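**Q** To be precise about what I am sending: the file is called input18.txt and holds compact mmCIF, C-alpha atoms and all ligand atoms.
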```
# COMPACT_ATOMS: atom_id res chain seq x y z
CA MET A 1 48.46 65.05 109.83
CA GLY A 2 51.14 67.46 111.00
CA ALA A 3 53.72 65.89 108.71
CA VAL A 4 51.44 66.11 105.68
CA PHE A 5 50.68 69.72 106.46
CA SER A 6 54.31 70.73 106.74
CA ARG A 7 55.14 68.92 103.51
CA MET A 8 52.47 70.93 101.77
CA GLU A 9 53.85 74.07 103.33
CA VAL A 10 57.32 73.23 102.07
CA LYS A 11 55.91 72.60 98.61
CA LYS A 12 54.15 75.94 98.68
CA ILE A 13 57.29 77.76 99.76
CA ARG A 14 59.33 75.99 97.08
CA ARG A 15 56.81 77.01 94.46
CA ARG A 16 56.89 80.60 95.69
CA VAL A 17 60.70 80.65 95.49
CA ARG A 18 60.58 79.22 91.97
CA THR A 19 58.07 81.81 90.87
CA TRP A 20 60.23 84.51 92.39
CA HIS A 21 63.33 83.25 90.55
CA ARG A 22 61.42 83.02 87.33
CA GLY A 23 59.96 86.50 87.79
CA ARG A 24 63.41 87.96 88.38
CA ALA A 25 64.72 86.13 85.31
CA GLU A 26 61.88 87.43 83.17
CA ARG A 27 62.71 90.98 84.28
CA GLY A 28 66.33 90.37 83.23
CA ALA A 29 67.78 90.63 86.74
CA ALA A 30 71.26 89.15 87.23
CA PRO A 31 71.24 85.68 88.84
CA ARG A 32 72.08 85.64 92.56
CA GLY A 33 74.53 83.29 94.22
CA HIS A 34 78.29 82.95 93.91
CA ARG A 35 80.23 85.08 91.47
CA ALA A 36 80.00 83.97 87.83
CA PHE A 37 83.26 83.61 85.90
CA GLY A 38 83.61 86.57 83.55
CA TRP A 39 82.02 89.18 85.81
CA THR A 40 82.97 91.21 88.87
CA ASP A 41 81.28 90.60 92.24
CA ASP A 42 78.11 92.51 91.33
CA GLY A 43 77.50 90.08 88.45
CA ILE A 44 76.84 92.99 86.10
CA ILE A 45 80.16 94.52 85.05
CA ALA A 46 82.50 92.17 83.17
CA ASP A 47 85.94 91.40 84.58
CA GLY A 48 88.49 92.48 81.95
CA ARG A 49 90.89 89.54 82.21
CA GLU A 50 88.24 86.84 82.44
CA LYS A 51 86.22 88.42 79.64
CA ALA A 52 89.27 88.29 77.37
CA LEU A 53 89.87 84.63 78.27
CA ILE A 54 86.27 83.70 77.47
CA ILE A 55 86.28 85.54 74.15
CA LYS A 56 89.52 83.84 73.10
CA ALA A 57 88.27 80.40 74.16
CA VAL A 58 85.00 80.87 72.24
CA GLU A 59 86.78 82.08 69.11
CA ASP A 60 89.26 79.20 69.32
CA LEU A 61 86.54 76.57 69.76
CA LEU A 62 84.54 77.98 66.86
CA ALA A 63 87.70 77.88 64.77
CA GLY A 64 87.83 74.16 65.55
CA LYS A 65 90.32 74.01 68.41
CA SER A 66 89.59 71.13 70.79
CA GLN A 67 88.28 71.80 74.27
CA GLY A 68 91.22 69.78 75.60
CA THR A 69 93.66 72.29 74.11
CA VAL A 70 91.76 75.28 75.51
CA LEU A 71 91.63 73.63 78.93
CA ARG A 72 95.39 72.91 78.87
CA GLU A 73 96.09 76.55 78.00
CA TRP A 74 93.97 77.74 80.94
CA LEU A 75 95.66 75.35 83.35
CA GLU A 76 99.09 76.46 82.11
CA LYS A 77 98.12 80.11 82.63
CA GLY A 78 96.86 79.29 86.13
CA VAL A 79 93.28 80.43 85.42
CA LYS A 80 90.97 79.43 88.32
CA THR A 81 87.20 79.14 88.76
CA PRO A 82 85.52 81.77 90.98
CA GLN A 83 85.77 79.22 93.80
CA GLY A 84 89.54 79.09 93.29
CA ASN A 85 89.66 75.61 91.73
CA ASP A 86 91.36 74.42 88.57
CA TRP A 87 89.03 74.22 85.60
CA SER A 88 87.88 70.76 84.52
CA ARG A 89 86.39 69.62 81.22
CA ALA A 90 82.92 69.58 82.78
CA SER A 91 83.15 73.01 84.47
CA LEU A 92 84.59 74.63 81.34
CA ARG A 93 81.86 73.15 79.15
CA LYS A 94 79.12 74.20 81.58
CA MET A 95 80.44 77.77 81.77
CA LEU A 96 80.85 78.15 78.00
CA MET A 97 77.44 76.64 77.23
CA ASN A 98 75.64 79.03 79.57
CA PRO A 99 73.73 81.62 77.50
CA ARG A 100 74.41 84.08 80.34
CA LEU A 101 77.61 84.82 78.37
CA CYS A 102 75.52 86.56 75.69
CA GLY A 103 73.15 88.22 78.14
CA TRP A 104 70.43 85.57 78.15
CA ARG A 105 69.16 83.70 81.14
CA MET A 106 68.71 79.96 81.46
CA ILE A 107 66.85 78.13 84.22
CA LYS A 108 66.98 74.34 84.28
CA GLY A 109 68.32 74.13 80.74
CA GLU A 110 65.68 76.41 79.28
CA ILE A 111 66.29 79.92 77.94
CA ILE A 112 63.89 82.38 79.56
CA GLU A 113 61.68 83.96 76.95
CA VAL A 114 58.89 86.50 77.04
CA ASP A 115 56.60 86.54 74.00
CA GLY A 116 58.89 84.06 72.26
CA LYS A 117 61.99 86.28 72.52
CA PRO A 118 64.89 85.62 74.90
CA VAL A 119 64.96 88.10 77.79
CA VAL A 120 68.07 90.27 77.62
CA GLY A 121 69.57 90.61 81.08
CA GLU A 122 70.83 93.73 82.85
CA TRP A 123 74.43 92.45 82.91
CA GLU A 124 77.19 93.15 80.39
CA PRO A 125 77.27 90.46 77.66
CA ILE A 126 80.68 88.96 76.84
CA ILE A 127 79.95 87.25 73.52
CA THR A 128 77.21 87.62 70.87
CA PRO A 129 74.02 85.50 70.86
CA GLU A 130 75.23 83.98 67.55
CA GLN A 131 78.50 82.89 69.16
CA SER A 132 76.67 81.52 72.18
CA GLN A 133 74.29 79.50 69.98
CA ALA A 134 77.18 78.24 67.89
CA ILE A 135 79.06 77.11 71.00
CA ARG A 136 76.02 75.25 72.30
CA ALA A 137 75.48 73.64 68.89
CA LEU A 138 79.13 72.64 68.89
CA TYR A 139 78.96 70.94 72.26
CA GLU A 140 75.61 69.33 71.50
CA ALA A 141 77.09 67.97 68.27
CA ARG A 142 80.03 66.59 70.20
CA LEU A 143 77.64 64.91 72.58
CA GLY A 144 76.32 63.18 69.48
CA LYS A 145 72.88 64.79 69.45
CA ALA A 146 72.95 66.58 66.14
CA VAL A 147 75.17 64.50 63.92
CA THR A 148 72.92 62.50 61.67
CA SER A 149 71.81 64.41 58.60
CA ALA A 150 73.87 63.55 55.53
CA GLY A 151 74.05 67.23 54.62
CA VAL A 152 75.89 68.17 57.79
CA VAL A 153 79.63 68.22 57.25
CA GLY A 154 82.70 69.78 58.79
CA THR A 155 82.41 70.85 62.34
CA LEU A 156 79.40 68.77 63.17
CA ALA A 157 81.14 65.67 61.87
CA ARG A 158 84.10 66.36 64.10
CA ASP A 159 85.66 63.86 66.44
CA HIS A 160 84.00 62.81 69.63
CA ARG A 161 87.28 61.80 71.16
CA GLU A 162 90.78 63.09 70.76
CA HIS A 163 92.96 61.34 68.21
CA LYS A 164 96.73 61.16 68.37
CA HIS A 165 97.28 60.85 64.61
CA LEU A 166 96.22 63.08 61.78
CA LEU A 167 94.44 60.47 59.67
CA SER A 168 93.25 57.70 61.96
CA GLY A 169 89.62 56.88 61.16
CA ILE A 170 89.80 58.90 57.94
CA LEU A 171 91.88 56.50 55.80
CA ARG A 172 90.17 53.47 54.31
CA CYS A 173 91.64 50.27 52.93
CA GLY A 174 91.40 50.07 49.12
CA ARG A 175 92.43 46.44 48.70
CA ILE A 176 90.13 44.45 46.38
CA LEU A 177 88.89 41.28 48.06
CA PRO A 178 88.53 37.92 46.27
CA ASP A 179 84.80 38.57 45.77
CA GLY A 180 85.61 41.74 43.80
CA THR A 181 84.49 44.27 46.44
CA MET A 182 86.76 46.79 48.15
CA CYS A 183 87.81 46.11 51.75
CA GLY A 184 86.95 49.68 52.87
CA ALA A 185 87.90 49.16 56.54
CA ARG A 186 89.11 52.22 58.49
CA LEU A 187 92.88 52.08 58.94
CA ARG A 188 94.33 52.01 62.45
CA VAL A 189 97.71 53.24 63.68
CA VAL A 190 100.60 51.22 65.02
CA ASN A 191 103.69 52.91 66.50
CA ASN A 192 107.22 51.69 66.05
CA ARG A 193 108.68 53.05 69.25
CA LYS A 194 112.27 52.01 68.46
CA GLN A 195 112.37 53.94 65.21
CA GLY A 196 109.97 56.65 66.39
CA THR A 197 107.78 56.07 63.31
CA TYR A 198 104.21 54.93 62.79
CA ARG A 199 102.19 53.12 60.16
CA TYR A 200 98.53 53.06 59.21
CA TYR A 201 97.31 49.49 58.76
CA CYS A 202 94.19 47.47 58.01
CA LYS A 203 92.89 45.43 60.97
CA ASP A 204 92.73 41.66 60.53
CA LYS A 205 89.67 39.70 59.45
CA THR A 206 88.42 39.07 62.96
CA GLN A 207 88.11 42.85 63.40
CA GLY A 208 86.41 43.60 60.10
CA GLY A 209 89.43 44.34 57.91
CA CYS A 210 91.53 42.31 55.48
CA GLY A 211 94.76 42.61 57.44
CA ARG A 212 96.81 42.98 54.27
CA LEU A 213 97.55 46.68 53.87
CA SER A 214 99.90 49.02 55.69
CA ARG A 215 101.56 52.32 54.79
CA ARG A 216 104.16 54.65 56.33
CA GLY A 217 102.37 57.34 58.41
CA GLU A 218 104.59 60.41 58.03
CA LYS A 219 104.52 60.45 54.21
CA LEU A 220 100.78 59.93 54.12
CA ASP A 221 100.16 62.72 56.66
CA GLU A 222 102.33 65.10 54.68
CA PHE A 223 100.67 64.25 51.38
CA ILE A 224 97.15 64.74 52.75
CA SER A 225 98.18 67.93 54.58
CA GLU A 226 99.38 69.38 51.30
CA ALA A 227 96.20 68.34 49.49
CA VAL A 228 94.03 69.97 52.15
CA LEU A 229 96.14 73.14 52.27
CA ALA A 230 95.91 73.49 48.49
CA LYS A 231 92.13 73.20 48.73
CA LEU A 232 91.83 75.62 51.67
CA GLU A 233 94.09 78.21 50.07
CA GLU A 234 92.01 78.06 46.91
CA ARG A 235 88.86 78.44 49.00
CA SER A 236 90.21 81.44 50.92
CA VAL A 237 90.62 83.28 47.61
CA ARG A 238 87.16 82.29 46.40
CA ARG A 239 85.24 82.81 49.63
CA ARG A 240 85.80 86.42 50.50
CA LYS A 241 82.09 87.17 50.43
CA LYS A 242 80.06 88.04 53.48
CA VAL A 243 78.20 85.30 55.34
CA GLN A 244 74.57 85.25 54.22
CA PRO A 245 71.78 85.43 56.83
CA TRP A 246 70.08 82.14 57.62
CA PRO A 247 67.47 81.50 54.89
CA GLY A 248 64.90 79.93 57.27
CA GLN A 249 64.51 83.05 59.46
CA GLN A 250 61.19 84.12 57.92
CA GLU A 251 59.66 80.68 58.26
CA LEU A 252 60.73 80.44 61.89
CA GLU A 253 59.23 83.86 62.65
CA GLN A 254 55.95 82.82 61.03
CA TRP A 255 55.74 79.72 63.23
CA GLU A 256 56.65 81.74 66.31
CA GLU A 257 53.92 84.25 65.51
CA ALA A 258 51.43 81.43 64.99
CA MET A 259 52.40 80.06 68.40
CA GLN A 260 51.91 83.48 69.99
CA GLU A 261 48.50 83.86 68.40
CA LEU A 262 47.50 80.40 69.56
CA ARG A 263 48.54 81.27 73.12
CA ASP A 264 46.53 84.51 73.01
CA ARG A 265 43.42 82.73 71.78
CA PHE A 266 43.81 80.06 74.43
CA ARG A 267 44.21 82.71 77.13
CA LYS A 268 41.00 84.39 75.96
CA ARG A 269 39.31 80.95 76.07
CA ARG A 270 38.47 81.02 72.38
CA ILE A 271 39.75 77.48 71.72
CA SER A 272 39.41 74.18 73.51
CA ASN A 273 42.10 72.54 75.62
CA SER A 274 42.50 69.56 73.30
CA PHE A 275 42.78 71.70 70.20
CA TYR A 276 45.31 73.96 71.93
CA PHE A 277 47.62 71.18 73.12
CA ASP A 278 47.50 69.32 69.80
CA GLU A 279 48.42 72.48 67.94
CA VAL A 280 51.12 73.47 70.43
CA GLU A 281 52.78 70.11 70.02
CA ARG A 282 52.73 70.37 66.26
CA LEU A 283 54.07 73.94 66.25
CA GLU A 284 56.73 73.18 68.82
CA THR A 285 58.10 70.35 66.68
CA ASP A 286 58.48 72.69 63.70
CA ILE A 287 59.90 75.52 65.78
CA ASN A 288 62.46 73.27 67.46
CA ARG A 289 63.48 71.76 64.14
CA LEU A 290 64.03 75.23 62.67
CA ARG A 291 65.92 76.46 65.74
CA THR A 292 68.26 73.46 65.48
CA GLU A 293 68.74 74.19 61.79
CA ARG A 294 69.56 77.81 62.60
CA GLN A 295 72.15 76.75 65.16
CA ARG A 296 73.83 74.47 62.65
CA TYR A 297 73.80 77.19 60.02
CA LEU A 298 75.33 79.76 62.35
CA LEU A 299 78.01 77.29 63.31
CA THR A 300 78.96 76.58 59.70
CA ALA A 301 78.82 80.29 58.89
CA GLU A 302 81.25 81.05 61.72
CA GLN A 303 83.60 78.48 60.28
CA ALA A 304 83.36 79.86 56.78
CA ALA A 305 84.22 83.33 58.06
CA THR A 306 87.46 82.08 59.63
CA ASP A 307 90.49 83.56 57.93
CA LEU A 308 92.18 80.89 55.82
CA SER A 309 94.84 83.04 54.18
CA ASP A 310 97.44 82.23 56.81
CA ILE A 311 96.54 78.59 57.13
CA ARG A 312 99.81 77.04 55.91
CA ARG A 313 101.96 78.75 58.56
CA ARG A 314 99.47 77.83 61.30
CA TRP A 315 99.26 74.23 60.05
CA TYR A 316 103.00 73.53 60.27
CA SER A 317 103.89 75.80 63.20
CA GLU A 318 104.75 74.13 66.47
CA THR A 319 105.23 77.25 68.55
CA ASP A 320 102.97 80.07 67.32
CA GLU A 321 100.10 81.08 69.59
CA ASP A 322 97.55 80.56 66.80
CA ARG A 323 98.90 77.22 65.56
CA LEU A 324 96.33 74.58 64.67
CA ASP A 325 96.02 71.61 66.98
CA LEU A 326 95.38 68.08 65.76
CA ALA A 327 91.60 68.37 66.27
CA GLN A 328 91.47 71.49 64.10
CA LYS A 329 93.51 69.89 61.33
CA ARG A 330 91.32 66.80 61.44
CA THR A 331 88.23 69.04 61.18
CA TYR A 332 89.61 70.70 58.06
CA ILE A 333 90.50 67.31 56.58
CA ARG A 334 86.98 66.05 57.24
CA GLU A 335 85.55 69.20 55.69
CA CYS A 336 87.52 68.53 52.51
CA PHE A 337 87.23 64.75 52.21
CA SER A 338 84.54 62.28 53.08
CA ALA A 339 87.29 59.63 53.08
CA VAL A 340 90.77 58.90 51.76
CA ILE A 341 91.23 55.50 50.12
CA VAL A 342 94.67 53.87 50.33
CA HIS A 343 95.22 51.43 47.46
CA PRO A 344 97.60 48.50 47.87
CA ALA A 345 101.02 48.65 46.25
CA GLY A 346 100.72 46.09 43.47
CA LYS A 347 102.92 45.05 40.58
CA GLY A 348 105.08 47.83 39.23
CA HIS A 349 104.91 49.83 42.46
CA GLY A 350 107.74 49.63 44.92
CA SER A 351 105.90 48.43 47.96
CA ARG A 352 108.52 49.38 50.52
CA GLY A 353 110.53 52.53 50.97
CA THR A 354 109.02 54.57 48.16
CA PHE A 355 105.81 56.54 48.47
CA ASP A 356 103.51 56.57 45.48
CA PRO A 357 100.89 59.36 45.60
CA ASP A 358 98.92 57.65 42.83
CA LEU A 359 97.93 55.00 45.35
CA ILE A 360 96.21 57.58 47.56
CA GLU A 361 92.71 58.52 46.49
CA PRO A 362 91.10 61.39 48.38
CA VAL A 363 87.29 61.41 48.09
CA TRP A 364 86.54 65.16 47.94
CA ARG A 365 83.36 66.61 49.29
CA GLU A 366 81.29 68.80 46.98
CA GLY A 367 81.86 72.56 46.90
ZN ZN B 401 91.75 45.96 54.24
```
Please re-express this file's structure in structure tokens.
**A**
Amino acid sequence: MGAVFSRMEVKKIRRRVRTWHRGRAERGAAPRGHRAFGWTDDGIIADGREKALIIKAVEDLLAGKSQGTVLREWLEKGVKTPQGNDWSRASLRKMLMNPRLCGWRMIKGEIIEVDGKPVVGEWEPIITPEQSQAIRALYEARLGKAVTSAGVVGTLARDHREHKHLLSGILRCGRILPDGTMCGARLRVVNNRKQGTYRYYCKDKTQGGCGRLSRRGEKLDEFISEAVLAKLEERSVRRRKKVQPWPGQQELEQWEEAMQELRDRFRKRRISNSFYFDEVERLETDINRLRTERQRYLLTAEQAATDLSDIRRRWYSETDEDRLDLAQKRTYIRECFSAVIVHPAGKGHGSRGTFDPDLIEPVWREG
């Protein structure tokens, strides 16, 4: 009996603590506990150096830099967590995904809202809510949650793992098989360590390829780089217009209002339980779908706003601070092409030594 009683007591206390935390969060009070990276000890005023690091990391990630590159830069600079540890992939991701960075509060993965609007905390925000949403969408996409719709291109179709070559997984074998169809297998990379060169090749039959196509890597990388740069430079001239607001905003607000009204009516006991929960479920599905859409849109908009005028220098630079890493280049390539088909060197084409651009067929995306 005693044991049961004390367990109930513990439950009650836990609930009281939770309610207290939630109440504080809803009032916008800064979270307690150890110091959060980006802020001074009081958790309210931003720390200048850490704030600058966060802003740069967020801008870099939204411009397509890989998290691995950002992490390496932090480790090289000797940046530590508030506990004095080196940053890891997991801790960096957790910190950057926390909406606290834009002044919002999250408890157990849920943003605290009052009347359907996120509560703005009393602490100094470091990035904008749009940036914070875009960063979360970026990570969620990388985790493979949001990458299905055929309309989603570019950033959301980015790599889930880091590649060591510019075009691995992007090139496809164009050899025509005896049955008249195209092989179409993704080309892999093989290194020739002695010569310090590499080739893209088609896997053998047992692995789903035809095993009969291979091409020098450096020439192919250079050719595709030039094709992408030409496209991006053209786009930077065309796309100097301002990013349009998300077109679904009005619809989302209507659903959110409907949800609010439903809650009010339920509170005043004007509707039945079953009606309420059925409707809530329906509305929540629509609201969540629209919120996901908004995140994707903001993410793409951020990308479109990135300055492309200087892209050629950044693409080929090996030393500049703002040089593009492999993940960024691959993102741009994927934005431009849905695939690149490599046709076999047949009669009339020198198969070895010479590089024939006519045998490379980029499949451009629309727009
Ligand atoms: Zn093949």
**Q** Would you mind telling me which residue in A:Cys336, A:Ile360, A:Ala327, A:Ala227 lies nearest to A:His165 when using only C-alpha atoms?
**A** A:Ala327
**Q** Please compute the atom CA of A:Glu281-atom CA of A:Glu293 distance, one decimal, in Å.
**A** 18.4 Å
**Q** Please find the residues contacting ligand ZN 401 (chain B) at a distance of at most 12 Å between atoms, with all atoms listed in the file counted, and report them as number ranges by chain.
**A** A: 171-178, 181-188, 200-215, 341-344
**Q** Show me, as a PyMOL selection string, the residues that have an atom within 12 Å of A:Gln254 when counting all atoms listed in the file, minus same-chain residues fewer than 6 positions from it.
**A** chain A and resi 116+248+260-261+283+286-287+290
**Q** Would you mind reading off the distance between atom CA of A:Pro31 and atom CA of A:Ser88, one decimal, in Å?
**A** 22.8 Å
**Q** So the first atom is atom CA of A:Ala57 and the second is atom CA of A:Asp42; what is the distance between them in Å, to one decimal place?
**A**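 Separation of atom CA of A:Ala57 and atom CA of A:Asp42: 23.3 Å.
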**Q** Within 10 Å of (92.6, 64.8, 49.8) (file coordinates; only C-alpha atoms), which protein or nucleic acid residues are there? I'd like them as a list in words.
**A**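 Residues with an atom close enough to that point: Phe223, Ile224, Ser225, Glu226, Ala227, Val228, Leu229, Ala230, Lys231, Ile333, Arg334, Cys336, Phe337, Ser338, Ala339, Val340, Ile341, Ile360, Glu361, Pro362, Val363, Trp364 and Arg365 of chain A.
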**Q** List the neighbours of stretch 47-52 of chain A out to 6 Å using only C-alpha atoms; skip same-chain residues closer than 5 positions along the sequence, and give me the result as a PyMOL selection string.
**A** chain A and resi 38-40
**Q** Box along x, y and z, 8 Å on every side, all listed atoms of stretch 309-324 of chain A inside: centre and edge lengths in Å to one decimal, as JSON.
**A**
```
{"center_x": 100.0, "center_y": 78.3, "center_z": 61.9, "size_x": 26.4, "size_y": 25.5, "size_z": 31.4}
```
**Q** Calculated over all atoms listed in the file, which of the candidates A:Pro125, A:Pro247, A:Gly43, A:Gly196 has the smallest distance to A:Ala30?
**A** A:Gly43
**Q** At a cut-off of 10 Å, using all atoms listed in the file, what residues contact A:Arg105? Leave out same-chain residues fewer than 2 positions from it and give the result as a PyMOL selection string.
**A** chain A and resi 22+25-26+28-31+98-103+107+109-113+118-121
**Q** Stretch 76-80 of chain A: which residues within 12 Å, counting only C-alpha atoms, same-chain residues fewer than 2 positions away excluded, as a list in words?
**A** Ala36, Phe37, Gly38, Arg49, Glu50, Ala52, Leu53, Ile54, Thr69, Val70, Leu71, Arg72, Glu73, Trp74, Pro82, Gln83, Gly84, Asn85, Asp86, Trp87, Ser88, Ser91 and Leu92 of chain A
**Q** Could you tell me which of A:Trp104, A:Asp310, A:Met259, A:Phe266 comes closest to A:Arg323 if we count only C-alpha atoms?
**A** A:Asp310
